[in-house]
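What's in coords.tsv: TSV, C-alpha atoms
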```tsv
chain	number	residue	atom	x	y	z
A	284	MET	CA	32.28	77.92	78.89
A	285	ILE	CA	34.07	76.34	75.95
A	286	THR	CA	31.98	73.46	74.64
A	287	ASP	CA	33.37	70.50	72.72
A	288	ALA	CA	32.09	71.95	69.44
A	289	LEU	CA	33.71	75.32	70.17
A	290	ALA	CA	36.99	73.62	71.13
A	291	ILE	CA	36.97	71.88	67.75
A	292	GLU	CA	36.42	75.24	66.02
A	293	ILE	CA	39.30	76.80	67.99
A	294	ALA	CA	41.62	73.90	67.13
A	295	GLY	CA	40.62	74.09	63.49
A	296	HIS	CA	41.30	77.82	63.36
A	297	TYR	CA	44.68	77.33	65.02
A	298	LEU	CA	45.68	74.57	62.59
A	299	LYS	CA	44.50	76.57	59.59
A	300	THR	CA	46.55	79.62	60.60
A	301	ALA	CA	49.57	77.44	61.48
A	302	LEU	CA	49.49	75.74	58.09
A	303	GLU	CA	48.96	79.01	56.22
A	304	SER	CA	51.95	80.59	57.96
A	305	GLY	CA	54.15	77.49	57.62
A	306	GLU	CA	54.47	76.93	61.37
A	307	GLY	CA	54.61	73.47	62.81
A	308	MET	CA	54.97	71.53	59.61
A	309	GLY	CA	55.57	67.89	60.42
A	310	ARG	CA	54.58	68.16	64.05
A	311	GLU	CA	52.58	65.35	65.60
A	312	MET	CA	51.34	67.34	68.59
A	313	TYR	CA	50.29	70.93	69.02
A	314	SER	CA	49.78	72.87	72.24
A	315	LEU	CA	48.43	76.34	72.96
A	316	THR	CA	48.75	78.68	75.88
A	317	VAL	CA	45.59	80.10	77.45
A	318	ASP	CA	46.25	83.46	75.75
A	319	GLU	CA	46.68	81.79	72.34
A	320	THR	CA	43.49	79.79	72.88
A	321	LEU	CA	41.54	82.94	73.75
A	322	ARG	CA	42.89	84.73	70.65
A	323	HIS	CA	41.72	81.89	68.44
A	324	LEU	CA	38.39	81.84	70.30
A	325	ASP	CA	37.93	85.56	69.51
A	326	ALA	CA	38.75	84.90	65.86
A	327	VAL	CA	36.28	82.00	65.65
A	328	VAL	CA	33.51	84.03	67.29
A	329	ASN	CA	34.15	87.06	65.05
A	330	VAL	CA	34.27	84.97	61.85
A	331	THR	CA	31.10	83.13	62.85
A	332	ALA	CA	29.21	86.36	63.59
A	333	GLN	CA	30.09	88.14	60.34
A	334	PRO	CA	28.13	85.96	57.85
A	335	VAL	CA	25.00	86.25	60.01
A	336	LEU	CA	25.23	90.04	59.94
A	337	ALA	CA	25.79	90.01	56.19
A	338	GLU	CA	22.75	87.78	55.70
A	339	VAL	CA	20.57	90.07	57.80
A	340	ALA	CA	21.79	93.10	55.84
A	341	PHE	CA	21.00	91.30	52.59
A	342	LEU	CA	17.45	90.53	53.71
A	343	SER	CA	16.71	94.09	54.83
A	344	PRO	CA	15.70	96.51	52.07
A	345	VAL	CA	17.52	99.81	52.17
A	346	GLY	CA	15.54	102.21	54.34
A	347	GLY	CA	12.86	99.61	55.04
A	348	PRO	CA	12.08	97.19	57.82
A	349	PRO	CA	13.64	93.71	57.79
A	350	ILE	CA	11.73	91.17	55.80
```
I need this file expressed as structure tokens, please.
Amino acid sequence: MITDALAIEIAGHYLKTALESGEGMGREMYSLTVDETLRHLDAVVNVTAQPVLAEVAFLSPVGGPPI
């Protein structure tokens, strides 16, 4: 299920990539296909998961148990 908060994250990711690539400049309305939405969902989920993994790795001493 895509919650309201997740839909906002997907839209934000789409707009960020559209602006970075120069697509859709000056548009007042944006629309996505289901496939495009799912691609941006995957990107949001992967970006969100990475900092958590990095934080866990930082807290765990090399060769030792997590703190």
Using only C-alpha atoms, the shortest atom-to-atom distance to A:Val330 among A:Ile293, A:Met312, A:Val317, A:Leu302 belongs to A:Ile293
Next on the checklist: Would you pick out the contacts of A:Glu292 at 10 Å or less, using only C-alpha atoms, so that residues sharing its chain but fewer than 5 positions from it are not included, and give the list as a PyMOL selection string?
Outcome noted: chain A and resi 286-287+297-298+323-324+326-328
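The space between atom CA of A:Leu321 and atom CA of A:Gly309 spans 24.5 Å.
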**Exercise: A:Thr300 partners within 12 Å, all atoms listed in the file, chain neighbours under 4 positions left out, as number ranges by chain** = A: 293-296, 304-308, 319, 322-323, 326-327
